[in-house]
$ cat run.txt   # compact mmCIF, C-alpha atoms
# COMPACT_ATOMS: atom_id res chain seq x y z
CA MET A 5 -37.56 26.12 27.25
CA SER A 6 -41.10 27.33 26.64
CA ASN A 7 -43.56 24.73 25.42
CA GLU A 8 -45.36 27.36 23.34
CA LEU A 9 -44.52 27.78 19.67
CA GLN A 10 -43.51 31.24 18.52
CA PHE A 11 -45.32 30.88 15.19
CA GLU A 12 -48.32 29.23 13.54
CA ILE A 13 -48.10 25.67 12.21
CA PRO A 14 -49.38 25.44 8.60
CA SER A 15 -52.88 23.96 8.57
CA TRP A 16 -51.92 21.27 6.06
CA MET A 17 -49.33 19.88 8.48
CA ASN A 18 -51.87 17.63 10.13
CA ILE A 19 -51.89 14.00 11.25
CA ASP A 20 -52.52 12.75 7.71
CA TYR A 21 -49.52 14.66 6.42
CA PHE A 22 -47.18 13.25 9.05
CA GLU A 23 -48.54 9.74 8.58
CA ASN A 24 -47.47 9.96 4.94
CA VAL A 25 -44.10 11.31 6.04
CA LEU A 26 -43.63 8.36 8.39
CA LYS A 27 -44.54 5.95 5.61
CA GLU A 28 -41.64 7.42 3.64
CA ILE A 29 -39.29 7.26 6.63
CA THR A 30 -40.17 3.69 7.66
CA LYS A 31 -40.58 2.41 4.08
CA ASP A 32 -43.79 0.81 5.32
CA ALA A 33 -47.05 1.66 3.52
CA ARG A 34 -49.02 0.21 6.45
CA THR A 35 -47.59 2.69 8.95
CA LEU A 36 -50.33 4.06 11.18
CA LEU A 37 -49.85 7.31 13.08
CA HIS A 38 -51.70 7.43 16.39
CA SER A 39 -50.86 10.93 17.61
CA ILE A 40 -48.71 13.99 17.02
CA GLU A 41 -47.64 16.71 19.41
CA PHE A 42 -45.98 19.95 18.31
CA GLY A 43 -43.33 21.70 20.37
CA PRO A 44 -40.46 24.17 20.04
CA ALA A 45 -37.16 22.99 18.61
CA SER A 46 -35.12 25.91 19.90
CA ARG A 47 -35.10 28.57 22.56
CA ALA A 48 -36.49 31.97 21.80
CA GLY A 49 -34.06 33.76 19.51
CA ASP A 50 -32.02 30.69 18.62
CA GLY A 51 -33.62 30.21 15.23
CA PHE A 52 -33.38 33.75 13.88
CA ALA A 53 -32.85 32.58 10.29
CA SER A 54 -35.02 29.47 10.61
CA THR A 55 -38.58 28.46 11.35
CA ILE A 56 -38.27 25.05 12.97
CA PHE A 57 -40.31 23.00 15.38
CA ARG A 58 -40.40 19.54 16.92
CA VAL A 59 -43.08 16.93 16.23
CA ASN A 60 -43.42 14.00 18.62
CA CYS A 61 -45.15 11.05 16.94
CA VAL A 62 -46.55 7.75 18.20
CA TYR A 63 -46.97 5.21 15.41
CA ASP A 64 -47.12 1.58 14.29
CA ALA A 65 -44.95 0.23 11.47
CA PRO A 66 -46.05 -3.42 11.40
CA HIS A 67 -44.75 -4.56 8.03
CA HIS A 68 -41.20 -3.27 7.69
CA GLU A 69 -40.10 -2.65 11.27
CA ASN A 70 -42.64 -4.76 13.17
CA LYS A 71 -42.97 -1.92 15.64
CA PHE A 72 -46.03 -0.85 17.61
CA ASN A 73 -46.62 2.29 19.66
CA GLU A 74 -43.18 3.50 18.66
CA LYS A 75 -42.17 7.05 19.47
CA ILE A 76 -40.11 9.28 17.22
CA SER A 77 -39.20 12.95 17.46
CA LEU A 78 -38.85 14.85 14.19
CA ILE A 79 -37.32 18.27 13.58
CA VAL A 80 -39.34 20.08 10.93
CA LYS A 81 -38.26 23.15 9.03
CA THR A 82 -40.59 25.01 6.69
CA GLU A 83 -41.22 28.53 5.49
CA PRO A 84 -42.99 30.84 7.93
CA ILE A 85 -46.58 31.96 7.56
CA GLU A 86 -46.44 35.29 9.39
CA GLU A 87 -45.06 38.31 7.58
CA GLY A 88 -41.71 39.60 8.78
CA LEU A 89 -37.97 39.23 8.50
CA LYS A 90 -37.99 35.44 8.77
CA LYS A 91 -40.49 35.08 5.97
CA ILE A 92 -38.49 37.30 3.66
CA MET A 93 -35.26 35.47 4.48
CA LEU A 94 -36.69 31.99 4.10
CA ASN A 95 -39.38 32.49 1.47
CA HIS A 96 -36.64 31.90 -1.04
CA GLU A 97 -36.63 28.55 -2.75
CA ARG A 98 -32.89 28.60 -3.42
CA ALA A 99 -32.21 28.56 0.32
CA PHE A 100 -34.24 25.37 0.73
CA ARG A 101 -32.75 23.79 -2.37
CA THR A 102 -29.29 24.58 -1.02
CA GLU A 103 -30.07 22.97 2.32
CA ILE A 104 -31.65 19.90 0.74
CA LYS A 105 -28.60 19.45 -1.49
CA MET A 106 -26.30 19.80 1.51
CA TYR A 107 -28.13 17.18 3.59
CA SER A 108 -28.82 14.73 0.78
CA GLU A 109 -25.66 14.93 -1.34
CA VAL A 110 -22.82 16.99 0.09
CA LEU A 111 -22.68 16.17 3.81
CA PRO A 112 -22.68 12.38 3.31
CA LYS A 113 -19.65 12.73 1.03
CA ILE A 114 -17.90 15.06 3.47
CA GLU A 115 -18.56 12.58 6.28
CA LEU A 116 -17.12 9.72 4.22
CA ALA A 117 -14.07 11.80 3.33
CA LEU A 118 -13.42 12.67 6.97
CA THR A 119 -14.00 9.09 8.06
CA LYS A 120 -11.30 8.11 5.58
CA ALA A 121 -8.92 10.87 6.65
CA LEU A 122 -9.35 10.44 10.40
CA GLN A 123 -9.73 6.64 10.39
CA LYS A 124 -12.88 6.74 12.52
CA PRO A 125 -16.60 7.30 11.89
CA ILE A 126 -17.47 10.98 11.59
CA LYS A 127 -20.96 12.45 11.82
CA ILE A 128 -21.28 16.12 10.94
CA GLY A 129 -24.97 16.85 11.43
CA PRO A 130 -28.46 15.37 11.67
CA SER A 131 -29.64 12.89 9.06
CA LEU A 132 -32.16 14.03 6.48
CA LEU A 133 -35.33 11.94 6.90
CA PHE A 134 -37.70 13.63 4.46
CA GLN A 135 -37.76 16.58 2.09
CA SER A 136 -40.25 18.15 -0.29
CA LEU A 137 -40.86 21.43 -2.07
CA THR A 138 -44.64 20.99 -2.30
CA PRO A 139 -47.07 22.20 -1.07
CA ALA A 140 -44.30 24.28 0.52
CA PRO A 141 -40.59 23.69 1.15
CA VAL A 142 -40.13 21.22 4.03
CA ILE A 143 -37.06 19.59 5.52
CA ILE A 144 -37.44 16.93 8.24
CA LEU A 145 -34.39 15.88 10.24
CA GLU A 146 -33.57 13.46 13.01
CA ASP A 147 -33.78 14.99 16.47
CA LEU A 148 -30.27 15.00 17.92
CA ILE A 149 -31.57 16.13 21.30
CA GLU A 150 -33.12 12.66 21.55
CA LEU A 151 -29.58 11.26 21.25
CA GLY A 152 -28.47 13.15 24.34
CA CYS A 153 -27.16 16.32 22.69
CA GLU A 154 -27.84 19.79 24.01
CA MET A 155 -27.49 23.39 22.95
CA SER A 156 -25.09 25.83 24.58
CA GLU A 157 -26.25 29.03 26.22
CA THR A 158 -22.76 30.48 26.60
CA THR A 159 -19.75 31.27 24.47
CA PHE A 160 -16.68 29.07 24.84
CA GLY A 161 -13.30 29.04 26.49
CA TYR A 162 -10.15 27.83 24.79
CA ASP A 163 -10.69 24.05 24.97
CA GLU A 164 -14.21 24.13 23.56
CA SER A 165 -13.21 26.70 20.95
CA LEU A 166 -10.32 24.51 19.84
CA LEU A 167 -12.71 21.58 19.34
CA VAL A 168 -15.06 23.72 17.25
CA VAL A 169 -12.37 25.33 15.08
CA THR A 170 -10.75 21.93 14.49
CA ARG A 171 -14.02 20.59 13.12
CA LEU A 172 -14.35 23.70 10.96
CA ALA A 173 -10.92 23.04 9.45
CA GLN A 174 -11.93 19.44 8.79
CA LEU A 175 -15.13 20.52 7.05
CA HIS A 176 -13.33 23.05 4.90
CA ALA A 177 -10.58 20.64 3.89
CA ALA A 178 -13.02 17.84 3.13
CA SER A 179 -15.06 20.20 0.96
CA VAL A 180 -11.95 20.88 -1.13
CA TYR A 181 -11.51 17.12 -1.59
CA VAL A 182 -15.18 16.58 -2.51
CA ASN A 183 -15.05 19.46 -4.98
CA GLN A 184 -11.91 18.10 -6.63
CA ASN A 185 -13.09 14.52 -6.86
CA GLN A 186 -16.86 14.11 -6.56
CA ILE A 187 -19.23 17.11 -6.82
CA ASP A 188 -18.79 20.60 -8.22
CA LEU A 189 -19.40 22.69 -5.10
CA SER A 190 -18.59 26.00 -6.76
CA GLN A 191 -22.25 26.46 -7.71
CA ILE A 192 -23.36 26.43 -4.07
CA ARG A 193 -23.61 30.15 -3.64
CA ASN A 194 -26.13 31.44 -1.14
CA SER A 195 -25.97 34.38 1.26
CA PHE A 196 -27.83 37.52 2.24
CA PHE A 197 -26.26 39.10 -0.82
CA HIS A 198 -27.69 36.44 -3.14
CA ILE A 199 -31.28 36.92 -1.98
CA ASP A 200 -33.33 38.79 -4.56
CA LYS A 201 -33.93 42.39 -3.58
CA THR A 202 -37.48 43.67 -3.82
CA LYS A 203 -38.49 47.26 -4.31
CA ASP A 204 -39.87 47.51 -0.78
CA PHE A 205 -37.27 45.53 1.15
CA CYS A 206 -33.53 45.09 1.17
CA ILE A 207 -32.34 42.57 3.73
CA ALA A 208 -28.82 44.01 3.67
CA ASP A 209 -30.24 47.40 4.57
CA ARG A 210 -32.20 45.96 7.49
CA LEU A 211 -29.47 43.80 8.93
CA ILE A 212 -26.40 45.89 8.18
CA SER A 213 -27.00 49.51 7.22
CA GLN A 214 -29.40 50.22 10.08
CA SER A 215 -27.06 48.67 12.64
CA LEU A 216 -24.06 50.56 11.26
CA LYS A 217 -25.87 53.88 11.48
CA LEU A 218 -27.02 53.22 15.03
CA PHE A 219 -23.54 52.13 16.10
CA ILE A 220 -21.83 55.16 14.56
CA GLU A 221 -24.36 57.43 16.25
CA ALA A 222 -23.62 55.79 19.61
CA ALA A 223 -19.83 55.81 19.11
CA GLU A 224 -19.83 59.52 18.24
CA LYS A 225 -21.44 60.28 21.60
CA ARG A 226 -18.51 58.66 23.38
CA ASP A 227 -15.04 60.14 23.85
CA ASP A 228 -13.02 56.92 23.61
CA TYR A 229 -13.20 56.23 19.86
CA SER A 230 -10.54 57.57 17.52
CA PRO A 231 -11.92 59.94 14.85
CA VAL A 232 -10.08 57.75 12.33
CA VAL A 233 -12.12 54.71 13.35
CA ILE A 234 -15.36 56.71 13.16
CA GLU A 235 -14.55 58.06 9.69
CA ARG A 236 -13.69 54.61 8.38
CA LEU A 237 -16.90 53.21 9.81
CA LYS A 238 -18.80 55.95 7.98
CA TYR A 239 -17.03 54.99 4.78
CA PHE A 240 -17.99 51.36 5.38
CA CYS A 241 -21.59 52.39 6.00
CA ASP A 242 -21.69 54.27 2.68
CA HIS A 243 -20.03 51.49 0.68
CA PHE A 244 -20.89 48.29 2.56
CA ILE A 245 -22.80 46.64 -0.28
CA GLU A 246 -19.90 46.75 -2.74
CA LEU A 247 -17.36 45.93 -0.01
CA LEU A 248 -19.31 42.89 1.16
CA GLU A 249 -20.17 41.73 -2.33
CA GLU A 250 -16.40 41.45 -2.82
CA VAL A 251 -16.47 38.91 0.01
CA TYR A 252 -19.71 37.06 -0.68
CA VAL A 253 -20.47 37.40 -4.39
CA SER A 254 -17.31 38.02 -6.39
CA THR A 255 -15.15 35.06 -7.40
CA GLU A 256 -12.56 36.94 -9.42
CA ASN A 257 -10.77 38.38 -6.40
CA LYS A 258 -10.21 35.07 -4.60
CA LYS A 259 -7.41 32.52 -4.75
CA TYR A 260 -8.63 30.01 -2.17
CA PHE A 261 -12.08 28.48 -1.89
CA VAL A 262 -13.84 26.16 0.54
CA LEU A 263 -17.50 25.40 1.15
CA THR A 264 -18.40 27.74 4.00
CA HIS A 265 -21.35 27.13 6.29
CA ASN A 266 -21.86 30.91 6.35
CA ASP A 267 -23.71 30.85 9.66
CA TYR A 268 -21.16 29.03 11.82
CA HIS A 269 -22.83 29.95 15.07
CA ARG A 270 -23.13 27.97 18.31
CA LYS A 271 -26.92 28.32 18.07
CA ASN A 272 -26.69 26.21 14.92
CA MET A 273 -24.94 23.46 16.87
CA VAL A 274 -25.82 20.82 19.42
CA PHE A 275 -23.20 19.37 21.71
CA LYS A 276 -22.46 15.95 23.13
CA LYS A 277 -20.98 15.91 26.62
CA LYS A 278 -19.15 13.37 28.73
CA ASN A 279 -18.54 14.10 32.40
CA ASP A 280 -19.79 17.67 31.77
CA LYS A 281 -17.15 18.20 29.08
CA ILE A 282 -17.99 18.76 25.41
CA VAL A 283 -16.55 15.89 23.38
CA ASP A 284 -18.34 16.33 20.05
CA PHE A 285 -20.92 18.49 18.32
CA TYR A 286 -23.21 18.51 15.31
CA LEU A 287 -23.94 21.35 12.93
CA PHE A 288 -27.22 22.21 11.22
CA ASP A 289 -28.85 25.03 9.19
CA TYR A 290 -27.09 24.82 5.83
CA GLN A 291 -29.33 27.14 3.82
CA PHE A 292 -26.69 29.85 3.33
CA CYS A 293 -23.73 27.67 2.37
CA LEU A 294 -21.33 29.44 0.07
CA TRP A 295 -18.27 28.45 -1.98
CA SER A 296 -15.93 31.24 -0.94
CA THR A 297 -13.05 32.26 1.30
CA PRO A 298 -12.69 30.27 4.55
CA VAL A 299 -12.41 33.41 6.67
CA ILE A 300 -16.18 33.91 6.40
CA ASP A 301 -16.68 31.01 8.82
CA LEU A 302 -13.69 31.99 10.92
CA PHE A 303 -15.19 35.42 11.53
CA TYR A 304 -18.38 33.73 12.72
CA PHE A 305 -16.30 31.44 14.90
CA PHE A 306 -14.48 34.25 16.68
CA TYR A 307 -17.55 36.38 17.39
CA GLN A 308 -20.38 33.87 17.74
CA ILE A 309 -18.61 30.95 19.44
CA CYS A 310 -15.51 32.17 21.30
CA SER A 311 -15.82 34.19 24.47
CA LYS A 312 -14.34 37.68 24.37
CA GLU A 313 -11.46 36.53 26.57
CA THR A 314 -10.75 33.50 24.37
CA ARG A 315 -10.81 35.58 21.19
CA GLN A 316 -8.56 38.31 22.53
CA LYS A 317 -6.04 35.97 24.16
CA TYR A 318 -5.94 32.99 21.80
CA ARG A 319 -6.90 34.26 18.35
CA PRO A 320 -3.44 33.62 16.77
CA ASP A 321 -3.23 30.17 18.38
CA LEU A 322 -6.68 29.18 17.16
CA ILE A 323 -5.93 30.37 13.63
CA ARG A 324 -2.75 28.31 13.66
CA SER A 325 -4.62 25.26 14.94
CA TYR A 326 -7.22 25.69 12.20
CA PHE A 327 -4.55 25.88 9.52
CA GLU A 328 -2.61 22.87 10.81
CA GLU A 329 -5.76 20.71 10.87
CA TYR A 330 -6.77 21.97 7.41
CA GLN A 331 -3.37 20.95 6.03
CA LYS A 332 -3.44 17.62 7.86
CA ILE A 333 -6.80 16.61 6.32
CA LEU A 334 -5.77 17.72 2.83
CA LYS A 335 -2.62 15.63 3.09
CA ALA A 336 -4.52 12.59 4.38
CA LEU A 337 -6.91 12.83 1.41
CA ASN A 338 -4.11 13.37 -1.14
CA CYS A 339 -5.65 16.61 -2.39
CA ASN A 340 -4.17 18.71 -5.15
CA THR A 341 -2.40 21.30 -3.02
CA SER A 342 -1.75 23.76 -5.84
CA ILE A 343 -5.10 25.48 -5.27
CA VAL A 344 -5.30 25.37 -1.48
CA ILE A 345 -3.87 27.70 1.14
CA PRO A 346 -0.13 26.94 1.17
CA CYS A 347 0.99 28.67 4.37
CA LEU A 348 -0.22 30.49 7.44
CA GLU A 349 0.85 33.84 6.01
CA GLU A 350 -1.54 33.37 3.09
CA LEU A 351 -4.38 32.70 5.51
CA ASP A 352 -3.48 35.87 7.41
CA ASN A 353 -3.68 37.75 4.11
CA GLU A 354 -7.21 36.42 3.62
CA PHE A 355 -8.21 37.96 6.96
CA LEU A 356 -6.86 41.33 5.87
CA LYS A 357 -8.24 41.19 2.35
CA PHE A 358 -11.79 40.42 3.44
CA LYS A 359 -11.91 42.33 6.71
CA ALA A 360 -15.13 44.05 5.63
CA ALA A 361 -16.89 40.84 6.68
CA GLU A 362 -15.22 41.02 10.09
CA VAL A 363 -16.31 44.63 10.57
CA MET A 364 -19.85 43.50 9.75
CA GLN A 365 -19.58 40.74 12.37
CA VAL A 366 -18.24 43.13 15.02
CA VAL A 367 -20.78 45.91 14.56
CA CYS A 368 -23.89 44.20 13.19
CA PHE A 369 -23.97 40.56 14.34
CA TYR A 370 -21.91 40.40 17.53
CA LYS A 371 -24.64 42.41 19.29
CA TYR A 372 -26.84 39.29 19.43
CA GLN A 373 -24.51 37.89 22.08
CA PHE A 374 -25.67 40.74 24.31
CA MET A 375 -29.41 40.44 23.71
CA SER A 376 -31.95 38.86 26.02
CA TRP A 377 -34.62 36.80 24.31
CA THR A 378 -38.11 36.84 25.75
CA ASP A 379 -41.21 35.83 23.83
CA GLU A 380 -41.97 39.51 23.27
CA ASP A 381 -38.43 40.17 22.03
CA LEU A 382 -38.78 37.41 19.47
CA LYS A 383 -42.15 38.72 18.35
CA LYS A 384 -40.63 42.15 17.74
CA LEU A 385 -37.70 40.63 15.89
CA GLY A 386 -40.02 38.80 13.55
CA LYS A 387 -41.72 42.09 12.72
CA LEU A 388 -38.45 43.82 11.79
CA ASP A 389 -38.43 45.87 14.97
CA HIS A 390 -35.49 44.65 17.02
CA PHE A 391 -33.64 47.97 16.99
CA THR A 392 -34.90 48.99 20.43
CA GLN A 393 -32.61 46.37 21.96
CA THR A 394 -29.87 47.30 19.50
CA LYS A 395 -29.92 50.93 20.62
CA ALA A 396 -29.79 49.89 24.27
CA ILE A 397 -26.81 47.61 23.65
CA TYR A 398 -24.95 50.26 21.64
CA ALA A 399 -25.58 52.79 24.41
CA GLY A 400 -23.96 50.61 27.08
CA ASN A 401 -20.33 50.20 28.06
CA LEU A 402 -20.25 46.39 28.00
CA PHE A 403 -20.59 46.08 24.23
CA HIS A 404 -18.07 48.83 23.51
CA ALA A 405 -15.53 47.24 25.85
CA ALA A 406 -15.68 44.14 23.66
CA VAL A 407 -15.74 45.73 20.20
CA LYS A 408 -13.55 48.83 20.54
CA PRO A 409 -10.24 46.84 20.59
CA GLU A 410 -11.39 44.86 17.56
CA LEU A 411 -12.34 47.96 15.58
CA GLU A 412 -9.05 49.65 16.44
CA ARG A 413 -7.15 46.57 15.26
CA LEU A 414 -9.15 46.50 12.03
CA LEU A 415 -9.44 50.19 11.17
CA LEU A 416 -6.97 52.37 13.04
CA ASN A 417 -3.96 51.77 10.80
CA GLU A 418 -5.63 51.03 7.48
CA GLY A 419 -9.04 51.50 5.85
CA PHE A 420 -10.76 49.41 3.22

$ encode --input "run.txt" --output "structure tokens"
Amino acid sequence: MSNELQFEIPSWMNIDYFENVLKEITKDARTLLHSIEFGPASRAGDGFASTIFRVNCVYDAPHHENKFNEKISLIVKTEPIEEGLKKIMLNHERAFRTEIKMYSEVLPKIELALTKALQKPIKIGPSLLFQSLTPAPVIILEDLIELGCEMSETTFGYDESLLVVTRLAQLHAASVYVNQNQIDLSQIRNSFFHIDKTKDFCIADRLISQSLKLFIEAAEKRDDYSPVVIERLKYFCDHFIELLEEVYVSTENKKYFVLTHNDYHRKNMVFKKKNDKIVDFYLFDYQFCLWSTPVIDLFYFFYQICSKETRQKYRPDLIRSYFEEYQKILKALNCNTSIVIPCLEELDNEFLKFKAAEVMQVVCFYKYQFMSWTDEDLKKLGKLDHFTQTKAIYAGNLFHAAVKPELERLLLNEGF
């Protein structure tokens, strides 16, 4: 991992600022901060929708903790300074308010619910240490890397995928319980399609329309795509906003709701290993959480976590495992089952009903699994110019070998 930051630290985030932060964290007004050191909190490309960095602090907290020359690593998330895609995505107060609410109110209740259901302590993500909306939105979290966790550079085989989809089912089921009994989660509604559109920028156009057009152009140059698939992709390209708003914005067309993470990606996870085997993981980046259909997260799971071989061979088994765990947690928590998914067939119907989101994953987001991330790549991405790599990926055989079977399954027999 490079020790150089990919962005500028705000000037007001100085030693005085972090000393005040540590006073809040330690509950000790006499806390004295000796030094701070900034460093990256992710590899290049890992934090596409986030601007995060690590701050290593050396401090004294003599009154409350009676500690001297203590070291602590903090993960800091704030809005970016440089213009570009990240700034537009994150310069949106609702995203920060959503994430603060998730860390401070929702996740603790979900963890307690799962601890009750599973009869063992459950930790979902990092603890929130500090948050503020002034002078700019800031979230400070515990550094799970310091606890021995690590990120994953590769997609997963069956065993790891089963672990991740099982946790997803637990999160979804626990969110139903929390919504029924503790907090109204139905107002947590954040996604690309909830970000205010400006006259000079439409994030959906940048992330989706441009990729669709480039993919269709590349597919038409090949001789292995059915004309039916191409025509239905063109229809999707022309109507993607209304089709995807049916998934992400509309509530009238849905029967089953859970709190989705809406960016359920392995790069938003850190993993705990034992004897080189993943035994647990923790999830972060909750700014786009959305009360909606569970298949939103399952589409992310299949294309951003599973390997191609795992997805193609074990998709039905993993869906079944998800559903069985979902039902198990609901039963353990004595949830009202009249408004939850009653059978596997109903879950399958959700996949079909909202397949526009899967087409988006396949064509527009799955490509990131095929990208290399150098410092220069990341710089281009931040300036809205990552389509050079996109064109190269769409021109190659490797990407099409992975997505062509998926698009045929989704579009060959039936359109939208």

$ residues_near_point --input "run.txt" --point "(-14.4, 46.0, 14.9)" --cutoff "7 Å" --atoms "only C-alpha atoms" --output "list in words"
Glu362, Val363, Val366, Val367, Val407, Lys408, Glu410, Leu411, Glu412 and Leu414 of chain A

$ residues_around --input "run.txt" --residues "Leu137 in chain A" --least-positions-apart "5" --cutoff "10 Å" --atoms "only C-alpha atoms" --output "mmCIF file with C-alpha atoms, in the coordinates of the input"
data_model
loop_
_atom_site.group_PDB
_atom_site.id
_atom_site.type_symbol
_atom_site.label_atom_id
_atom_site.label_comp_id
_atom_site.auth_asym_id
_atom_site.auth_seq_id
_atom_site.Cartn_x
_atom_site.Cartn_y
_atom_site.Cartn_z
ATOM 1 C CA THR A 82 -40.590 25.010 6.690
ATOM 2 C CA GLU A 97 -36.630 28.550 -2.750
ATOM 3 C CA PHE A 100 -34.240 25.370 0.730
ATOM 4 C CA ARG A 101 -32.750 23.790 -2.370
ATOM 5 C CA ILE A 104 -31.650 19.900 0.740
ATOM 6 C CA VAL A 142 -40.130 21.220 4.030
ATOM 7 C CA ILE A 143 -37.060 19.590 5.520
#

$ closest_atom_pairs --input "run.txt" --of "range 268-303 of chain A" --to "range 153-158 of chain A" --cutoff "8 Å" --atoms "only C-alpha atoms" --output "CSV"
residue,atom,partner,partner_atom,distance
A:Arg270,CA,A:Ser156,CA,6.9
A:Lys271,CA,A:Met155,CA,7.0
A:Met273,CA,A:Met155,CA,6.6
A:Val274,CA,A:Met155,CA,4.7
A:Phe275,CA,A:Cys153,CA,5.1
A:Lys276,CA,A:Cys153,CA,4.7
A:Lys277,CA,A:Cys153,CA,7.3
A:Phe285,CA,A:Cys153,CA,7.9

$ write_last_selection --input "run.txt" --atoms "C-alpha atoms" --output "mmCIF file, keeping the file's coordinate frame"
data_model
loop_
_atom_site.group_PDB
_atom_site.id
_atom_site.type_symbol
_atom_site.label_atom_id
_atom_site.label_comp_id
_atom_site.auth_asym_id
_atom_site.auth_seq_id
_atom_site.Cartn_x
_atom_site.Cartn_y
_atom_site.Cartn_z
ATOM 1 C CA ARG A 270 -23.130 27.970 18.310
ATOM 2 C CA LYS A 271 -26.920 28.320 18.070
ATOM 3 C CA MET A 273 -24.940 23.460 16.870
ATOM 4 C CA VAL A 274 -25.820 20.820 19.420
ATOM 5 C CA PHE A 275 -23.200 19.370 21.710
ATOM 6 C CA LYS A 276 -22.460 15.950 23.130
ATOM 7 C CA LYS A 277 -20.980 15.910 26.620
ATOM 8 C CA PHE A 285 -20.920 18.490 18.320
#

$ atom_distance --input "run.txt" --atom1 "CA of Phe292 in chain A" --atom2 "CA of Thr264 in chain A"
8.6 Å

$ closest_residue --input "run.txt" --among "A:Ile397, A:Ala361, A:Cys61, A:Val262" --to "Val180 in chain A" --atoms "only C-alpha atoms"
A:Val262

$ atom_distance --input "run.txt" --atom1 "CA of Leu145 in chain A" --atom2 "CA of Phe306 in chain A"
27.8 Å

$ residues_near_point --input "run.txt" --point "(-28.7, 26.6, 7.9)" --cutoff "10 Å" --atoms "only C-alpha atoms" --output "list in words"
Gly51, Ala53, Ser54, Ala99, Phe100, Thr102, Glu103, Met106, His265, Asn266, Asp267, Tyr268, His269, Asn272, Leu287, Phe288, Asp289, Tyr290, Gln291, Phe292 and Cys293 of chain A

$ residues_around --input "run.txt" --residues "His67 in chain A" --least-positions-apart "2" --cutoff "9 Å" --atoms "only C-alpha atoms" --output "MDAnalysis selection string"
chainID A and resid 32:35 65 69:71

$ residues_around --input "run.txt" --residues "Val80 in chain A" --least-positions-apart "3" --cutoff "9 Å" --atoms "only C-alpha atoms" --output "ChimeraX atom specification"
/A:45,55-59,142-145

$ atom_distance --input "run.txt" --atom1 "CA of Phe305 in chain A" --atom2 "CA of Val168 in chain A"
8.2 Å

$ closest_residue --input "run.txt" --among "A:His68, A:Lys317, A:Lys81, A:Lys259" --to "Ile13 in chain A" --atoms "all atoms listed in the file"
A:Lys81

$ closest_atom_pairs --input "run.txt" --of "range 268-345 of chain A" --to "range 245-250 of chain A" --cutoff "12 Å" --atoms "all atoms listed in the file" --output "JSON lines"
{"residue": "A:Ser296", "atom": "CA", "partner": "A:Glu250", "partner_atom": "CA", "distance": 10.4}
{"residue": "A:Thr297", "atom": "CA", "partner": "A:Glu250", "partner_atom": "CA", "distance": 10.6}
{"residue": "A:Ile300", "atom": "CA", "partner": "A:Leu248", "partner_atom": "CA", "distance": 10.9}

$ write_last_selection --input "run.txt" --atoms "C-alpha atoms" --output "compact mmCIF listing (two decimals), in the coordinates of the input"
# COMPACT_ATOMS: atom_id res chain seq x y z
CA SER A 296 -15.93 31.24 -0.94
CA THR A 297 -13.05 32.26 1.30
CA ILE A 300 -16.18 33.91 6.40

$ residues_around --input "run.txt" --residues "Leu122 in chain A" --least-positions-apart "3" --cutoff "10 Å" --atoms "all atoms listed in the file" --output "PyMOL selection string"
chain A and resi 116-119+125-126+174+332-333+336-337

$ closest_residue --input "run.txt" --among "A:Phe72, A:Phe219, A:Tyr286, A:Tyr162" --to "Phe391 in chain A" --atoms "all atoms listed in the file"
A:Phe219

$ closest_residue --input "run.txt" --among "A:Met17, A:Ala173, A:Tyr307, A:Ala360" --to "His243 in chain A" --atoms "only C-alpha atoms"
A:Ala360

$ axis_aligned_box --input "run.txt" --around "range 325-334 of chain A" --padding-each-side "6 Å" --output "lines of an AutoDock Vina configuration file"
center_x = -4.9
center_y = 21.2
center_z = 8.9
size_x = 16.6
size_y = 21.3
size_z = 24.1

$ closest_residue --input "run.txt" --among "A:Val251, A:Ile323, A:Ile76, A:Leu133" --to "Phe196 in chain A" --atoms "all atoms listed in the file"
A:Val251
